[in-house]
$ cat entry13.cif   # mmCIF, C-alpha atoms
data_target
#
loop_
_atom_site.label_atom_id
_atom_site.label_comp_id
_atom_site.auth_asym_id
_atom_site.auth_seq_id
_atom_site.Cartn_x
_atom_site.Cartn_y
_atom_site.Cartn_z
CA MET Z 57 2.80 -14.76 -4.00
CA THR Z 58 -0.42 -12.84 -3.65
CA ILE Z 59 -0.71 -9.12 -4.32
CA GLN Z 60 -1.11 -8.52 -0.57
CA GLN Z 61 2.18 -10.20 0.21
CA PHE Z 62 3.88 -8.24 -2.55
CA VAL Z 63 2.60 -4.93 -1.15
CA PHE Z 64 3.63 -5.97 2.35
CA LEU Z 65 7.17 -6.81 1.23
CA LEU Z 66 7.40 -3.54 -0.69
CA ILE Z 67 6.31 -1.45 2.32
CA SER Z 68 8.59 -3.37 4.70
CA ALA Z 69 11.59 -3.03 2.42
CA PHE Z 70 10.94 0.71 2.10
CA THR Z 71 10.62 1.07 5.88
CA LEU Z 72 13.78 -0.87 6.62
CA VAL Z 73 15.90 0.83 3.95
CA ALA Z 74 14.78 4.25 5.22
CA ALA Z 75 15.61 3.14 8.77
CA ILE Z 76 19.10 2.04 7.71
CA VAL Z 77 19.62 5.44 6.07
CA VAL Z 78 18.54 7.07 9.36
CA VAL Z 79 21.20 5.28 11.38
CA THR Z 80 24.05 5.50 8.86
CA ASP Z 81 23.77 8.79 6.97
CA ARG Z 82 26.37 11.40 7.80
CA ASN Z 83 24.07 14.30 7.02
CA LEU Z 84 21.61 14.61 9.90
CA PHE Z 85 19.05 16.48 7.84
CA ARG Z 86 18.92 13.69 5.28
CA ALA Z 87 18.62 11.21 8.14
CA ALA Z 88 15.59 13.13 9.44
CA LEU Z 89 13.96 13.02 5.99
CA ALA Z 90 14.60 9.28 5.80
CA LEU Z 91 13.03 9.01 9.26
CA ILE Z 92 9.86 10.57 7.85
CA GLY Z 93 9.90 7.92 5.10
CA SER Z 94 10.27 5.20 7.70
CA PHE Z 95 7.32 6.59 9.70
CA LEU Z 96 5.20 6.62 6.55
CA GLY Z 97 6.14 3.00 5.88
CA VAL Z 98 5.05 2.05 9.40
CA ALA Z 99 1.76 3.87 8.77
CA GLY Z 100 1.37 1.73 5.65
CA LEU Z 101 1.86 -1.40 7.75
CA TYR Z 102 -0.90 -0.16 10.08
CA VAL Z 103 -3.20 0.23 7.08
CA MET Z 104 -2.42 -3.35 6.03
CA LEU Z 105 -3.31 -4.43 9.58
CA GLU Z 106 -6.67 -2.63 9.24
CA ALA Z 107 -5.82 -0.10 11.95
CA GLY Z 108 -6.74 3.01 10.00
CA PHE Z 109 -7.10 5.23 13.04
CA LEU Z 110 -3.58 4.42 14.21
CA ALA Z 111 -2.22 5.03 10.71
CA ALA Z 112 -3.76 8.52 10.76
CA ALA Z 113 -2.48 9.13 14.29
CA GLN Z 114 0.96 7.93 13.24
CA ILE Z 115 1.08 10.42 10.37
CA LEU Z 116 -0.26 13.25 12.55
CA VAL Z 117 1.97 12.68 15.56
CA TYR Z 118 5.16 11.22 14.09
CA VAL Z 119 5.37 12.82 10.66
CA GLY Z 120 3.55 16.01 11.59
CA ALA Z 121 4.97 16.69 15.03
CA ILE Z 122 7.96 14.60 16.05
CA ALA Z 123 9.78 14.74 12.71
CA ILE Z 124 9.26 18.50 12.47
CA LEU Z 125 10.54 18.88 16.03
CA LEU Z 126 13.63 16.84 15.13
CA ILE Z 127 14.24 18.98 12.05
CA PHE Z 128 13.93 22.10 14.24
CA ALA Z 129 16.53 20.71 16.64
CA ILE Z 130 18.86 19.85 13.74
CA MET Z 131 18.50 23.36 12.32
CA LEU Z 132 19.16 24.93 15.72
CA THR Z 133 22.36 22.91 16.02
CA ARG Z 134 23.17 23.64 12.42
CA ARG Z 135 26.95 23.42 12.48
CA LEU Z 136 26.67 19.72 13.23
CA MET Z 137 24.78 19.22 9.99
CA GLN Z 138 27.71 19.70 7.65
CA THR Z 139 30.24 17.71 9.58
CA HIS Z 140 32.85 15.67 7.76
CA GLU Z 141 33.63 13.52 10.74
CA SER Z 142 32.43 9.97 11.00
CA PRO Z 143 28.77 9.73 12.09
CA PHE Z 144 29.70 6.90 14.43
CA ASN Z 145 31.26 6.79 17.86
CA SER Z 146 34.11 4.47 18.81
CA GLN Z 147 32.06 1.28 18.73
CA PRO Z 148 30.29 0.91 15.37
CA LEU Z 149 31.57 -2.64 14.87
CA TRP Z 150 30.52 -3.91 18.28
CA GLY Z 151 27.19 -2.16 17.96
CA PHE Z 152 26.67 -3.91 14.64
CA VAL Z 153 27.60 -7.30 16.06
CA ALA Z 154 25.31 -6.79 19.06
CA SER Z 155 22.32 -5.73 16.98
CA VAL Z 156 22.80 -8.59 14.49
CA LEU Z 157 22.90 -11.02 17.42
CA ALA Z 158 19.78 -9.41 18.90
CA ALA Z 159 18.01 -9.69 15.53
CA GLY Z 160 18.97 -13.37 15.26
CA LEU Z 161 17.69 -14.07 18.76
CA LEU Z 162 14.39 -12.25 18.17
CA ILE Z 163 13.78 -13.96 14.84
CA ALA Z 164 14.56 -17.39 16.30
CA VAL Z 165 12.06 -16.79 19.11
CA ILE Z 166 9.42 -15.46 16.70
CA ILE Z 167 9.74 -18.43 14.32
CA GLN Z 168 9.45 -20.91 17.16
CA THR Z 169 6.64 -19.22 19.07
CA TRP Z 170 4.43 -18.00 16.22
CA PRO Z 171 5.23 -20.38 13.31
CA SER Z 172 3.89 -19.18 9.98
CA SER Z 173 2.24 -22.59 9.51
CA GLU Z 174 -0.03 -21.92 12.48
CA TYR Z 175 -0.73 -18.18 12.23
CA THR Z 176 -1.18 -18.03 8.49
CA GLY Z 177 -3.37 -14.97 8.16
CA MET Z 178 -5.55 -12.45 9.87
CA PRO Z 179 -8.64 -14.01 11.47
CA ALA Z 180 -11.67 -13.02 9.46
CA VAL Z 181 -13.79 -10.46 11.28
CA SER Z 182 -16.65 -8.43 9.90
CA GLY Z 183 -16.03 -4.99 8.46
CA GLU Z 184 -18.50 -3.78 11.08
CA GLN Z 185 -16.13 -4.85 13.84
CA ILE Z 186 -13.11 -3.24 12.23
CA ARG Z 187 -14.98 0.04 11.86
CA GLY Z 188 -16.23 -0.32 15.44
CA SER Z 189 -12.71 -0.78 16.79
CA VAL Z 190 -12.25 2.99 16.99
CA ASP Z 191 -15.48 3.24 19.03
CA ASP Z 192 -14.21 0.45 21.28
CA LEU Z 193 -10.88 2.24 21.63
CA GLY Z 194 -12.63 5.46 22.62
CA SER Z 195 -14.80 3.77 25.22
CA ILE Z 196 -12.01 1.66 26.73
CA LEU Z 197 -9.95 4.83 27.26
CA VAL Z 198 -12.64 6.39 29.46
CA ASN Z 199 -13.98 3.21 31.04
CA VAL Z 200 -13.33 2.77 34.75
CA ASP Z 201 -12.78 -0.95 34.17
CA GLY Z 202 -10.58 -0.14 31.21
CA LEU Z 203 -7.66 2.20 30.81
CA VAL Z 204 -8.92 5.46 32.30
CA LEU Z 205 -6.04 5.70 34.79
CA PRO Z 206 -3.24 5.36 32.20
CA PHE Z 207 -5.19 7.75 29.99
CA GLU Z 208 -5.32 10.45 32.68
CA ILE Z 209 -1.69 9.85 33.61
CA ALA Z 210 -0.76 10.26 29.95
CA SER Z 211 -2.43 13.67 29.89
CA VAL Z 212 -0.48 14.74 32.99
CA LEU Z 213 2.69 13.36 31.40
CA LEU Z 214 2.14 15.39 28.25
CA LEU Z 215 1.52 18.55 30.29
CA ALA Z 216 4.66 17.93 32.34
CA ALA Z 217 6.67 17.30 29.16
CA LEU Z 218 5.34 20.51 27.63
CA VAL Z 219 6.24 22.63 30.65
CA GLY Z 220 9.53 20.79 31.15
CA ALA Z 221 10.61 21.26 27.56
CA ILE Z 222 9.98 25.01 27.81
CA VAL Z 223 11.84 25.28 31.13
CA ILE Z 224 14.83 23.24 29.94
CA ALA Z 225 15.22 25.06 26.64
CA TRP Z 226 14.66 28.54 28.15
CA PRO Z 227 17.76 30.71 27.77
CA GLU Z 228 19.45 31.67 31.01
CA LYS Z 229 18.83 35.21 32.21
CA ASP Z 230 22.41 36.27 32.84
CA GLU Z 231 23.54 35.07 29.40
CA SER Z 232 24.50 37.98 27.21
CA MET V 286 -2.57 -14.10 3.35
CA ILE V 287 0.31 -12.69 5.37
CA PRO V 288 1.53 -14.81 8.30
CA LEU V 289 1.81 -13.12 11.68
CA SER V 290 5.53 -13.88 11.83
CA TRP V 291 6.22 -11.61 8.84
CA TYR V 292 5.04 -8.56 10.75
CA LEU V 293 6.95 -9.65 13.84
CA ILE V 294 10.14 -10.17 11.84
CA VAL V 295 9.86 -6.75 10.19
CA ALA V 296 9.32 -5.22 13.63
CA ALA V 297 12.32 -7.12 15.04
CA LEU V 298 14.54 -5.93 12.19
CA LEU V 299 13.36 -2.34 12.60
CA PHE V 300 14.03 -2.57 16.34
CA CYS V 301 17.56 -3.87 15.73
CA VAL V 302 18.30 -1.12 13.20
CA GLY V 303 17.25 1.39 15.86
CA LEU V 304 19.33 -0.46 18.45
CA TYR V 305 22.37 -0.18 16.21
CA GLY V 306 21.74 3.55 15.85
CA VAL V 307 21.50 4.01 19.61
CA MET V 308 24.74 2.12 20.18
CA ALA V 309 26.81 3.47 17.32
CA ARG V 310 25.81 7.08 16.56
CA ARG V 311 27.72 10.00 18.01
CA ASN V 312 25.14 12.73 17.69
CA ALA V 313 22.50 12.97 20.42
CA VAL V 314 19.80 13.96 17.91
CA ALA V 315 20.60 10.86 15.84
CA ILE V 316 20.33 8.72 18.98
CA LEU V 317 16.87 10.19 19.63
CA MET V 318 15.84 9.39 16.06
CA SER V 319 16.98 5.80 16.55
CA VAL V 320 14.92 5.57 19.75
CA GLU V 321 11.87 6.69 17.75
CA LEU V 322 12.54 3.85 15.28
CA MET V 323 12.60 1.37 18.17
CA LEU V 324 9.30 2.69 19.54
CA ASN V 325 7.75 2.32 16.09
CA ALA V 326 8.89 -1.30 15.93
CA VAL V 327 7.18 -2.00 19.26
CA ASN V 328 4.00 -0.38 17.94
CA ILE V 329 3.97 -2.65 14.87
CA ASN V 330 4.13 -5.62 17.24
CA LEU V 331 1.26 -4.32 19.38
CA VAL V 332 -1.01 -3.69 16.39
CA ALA V 333 -0.14 -7.03 14.74
CA PHE V 334 -0.92 -8.96 17.93
CA TRP V 335 -4.19 -7.05 18.30
CA ARG V 336 -5.30 -7.91 14.77
CA TYR V 337 -4.13 -11.54 14.72
CA LEU V 338 -4.76 -12.76 18.26
CA ASN V 339 -7.47 -10.60 19.84
CA PRO V 340 -9.32 -8.37 17.37
CA GLU V 341 -12.41 -8.25 19.62
CA ARG V 342 -10.83 -6.05 22.30
CA PRO V 343 -8.78 -2.98 21.33
CA ILE V 344 -6.11 -3.49 24.03
CA GLY V 345 -3.27 -3.62 21.50
CA ILE V 346 -4.19 -0.41 19.72
CA SER V 347 -4.88 1.45 22.96
CA TRP V 348 -1.36 0.63 24.20
CA ALA V 349 -0.01 1.70 20.82
CA VAL V 350 -1.75 5.06 21.40
CA PHE V 351 -0.04 5.34 24.80
CA VAL V 352 3.32 4.57 23.21
CA LEU V 353 2.58 7.37 20.72
CA ALA V 354 1.89 9.83 23.56
CA VAL V 355 5.01 8.83 25.48
CA ALA V 356 7.10 9.09 22.30
CA ALA V 357 5.85 12.64 21.76
CA ALA V 358 6.72 13.59 25.36
CA GLU V 359 10.13 11.93 25.03
CA ALA V 360 10.93 13.74 21.80
CA ALA V 361 9.95 17.14 23.26
CA ILE V 362 12.04 16.68 26.41
CA GLY V 363 14.96 15.08 24.58
CA LEU V 364 15.21 17.85 22.01
CA ALA V 365 14.89 20.55 24.69
CA LEU V 366 17.81 18.87 26.48
CA VAL V 367 19.80 18.73 23.24
CA ILE V 368 19.24 22.44 22.65
CA ALA V 369 20.16 23.31 26.25
CA VAL V 370 23.32 21.18 26.06
CA PHE V 371 24.28 22.65 22.70
CA ARG V 372 23.91 26.15 24.13
CA THR V 373 26.19 25.50 27.10
CA ARG V 374 28.72 23.01 25.69
CA ASP V 375 28.62 23.86 21.96
CA SER V 376 28.46 20.18 21.08
CA VAL V 377 25.88 17.41 21.04
CA VAL V 378 28.32 14.50 20.72
CA ALA V 379 27.05 12.03 23.29
CA GLU V 380 30.53 10.74 24.19
CA LYS V 381 31.72 14.17 25.25
CA LEU V 382 28.86 14.73 27.68
CA ASP V 383 30.60 12.99 30.57
CA SER V 384 30.62 15.55 33.37
CA LEU V 385 28.53 13.21 35.54
CA LYS V 386 31.20 10.50 35.27
CA LEU V 387 33.54 9.94 38.17
#
$ encode --input "entry13.cif" --output "structure tokens"
Amino acid sequence: MTIQQFVFLLISAFTLVAAIVVVTDRNLFRAALALIGSFLGVAGLYVMLEAGFLAAAQILVYVGAIAILLIFAIMLTRRLMQTHESPFNSQPLWGFVASVLAAGLLIAVIIQTWPSSEYTGMPAVSGEQIRGSVDDLGSILVNVDGLVLPFEIASVLLLAALVGAIVIAWPEKDES
Amino acid sequence: MIPLSWYLIVAALLFCVGLYGVMARRNAVAILMSVELMLNAVNINLVAFWRYLNPERPIGISWAVFVLAVAAAEAAIGLALVIAVFRTRDSVVAEKLDSLKL
């Protein structure tokens, strides 16, 4: 086993264990902290895939914004944090069975379609190209032949989400 | 060298952990957190396919950026809804929010 594979397995195990804590822990606040750990693990996987820009964006957006937003929501609904009830609804067993079956199906498809004997490693590209991938990303986002339309729609979507979140969470006027 | 399938399998497992959370958790905030896990799993797939199959064109990472933007919008709206529901119903247990059911 090479050092790369060892680091990969370490990061993946960390990510998956943190994810399992997120979906099973009774204390929501602890689940949110584990979610931050899982996001960091995914950022580590991006680094191993030589997508440094996405790793930075992942930390900024997920760890810096989404996780903090989640912690805010948990604090605002504080009483639910120290609950002694079960964290699960009425179907934890069937949910478990269904997700194990889904995992088996996905892994079977992956092993047949992309066998590890054929796709053994990353194709070698120059460091120049990896560094240039952020430039390429920037230009494809504003290129008329590229993704300029989804890019502009995403900006409208974010504006709508911003205004919508404020409107939805605004307290009603007649509430005392 | 790490085979492509390792990344895909990690992403599949992460997706299924999130799927379990969506199906089995009671709390709406926990369900949102599980959805974020699923979106992350999809992003790992997109980046891995970009790097292994088509590193010349940044299609994979640009879609991962879009997923990031949509996830941020989804989290903002979802949490605003959770706060609004908590204010009116005093509970965020997803099973009890059934006033739209016949």
$ interface_residues --input "entry13.cif" --of "chain Z" --to "chain V" --cutoff "7 Å" --atoms "all atoms listed in the file" --output "PyMOL selection string"
chain Z and resi 60-61+68+72+75-76+79+105+122+129+133+143-145+147-148+151-152+155+158-159+162-163+166-167+170-172+175-179+189+192-193+210+214+217+220-221+224-225
$ atom_distance --input "entry13.cif" --atom1 "atom CA of Val327 of chain V" --atom2 "atom CA of Leu96 of chain Z"
15.5 Å
$ atom_distance --input "entry13.cif" --atom1 "atom CA of Ile92 of chain Z" --atom2 "atom CA of Pro227 of chain Z"
29.4 Å
$ atom_distance --input "entry13.cif" --atom1 "atom CA of Val78 of chain Z" --atom2 "atom CA of Leu91 of chain Z"
5.8 Å
$ axis_aligned_box --input "entry13.cif" --around "segment 116-120 of chain Z" --padding-each-side "4 Å" --output "JSON"
{"center_x": 2.6, "center_y": 13.6, "center_z": 13.1, "size_x": 13.6, "size_y": 12.8, "size_z": 12.9}
$ resolve_selection --input "entry13.cif" --expression "the PyMOL selection byres ((chain Z and resi 111) around 9)" --output "ChimeraX atom specification"
/Z:96,98-103,106-110,112-116
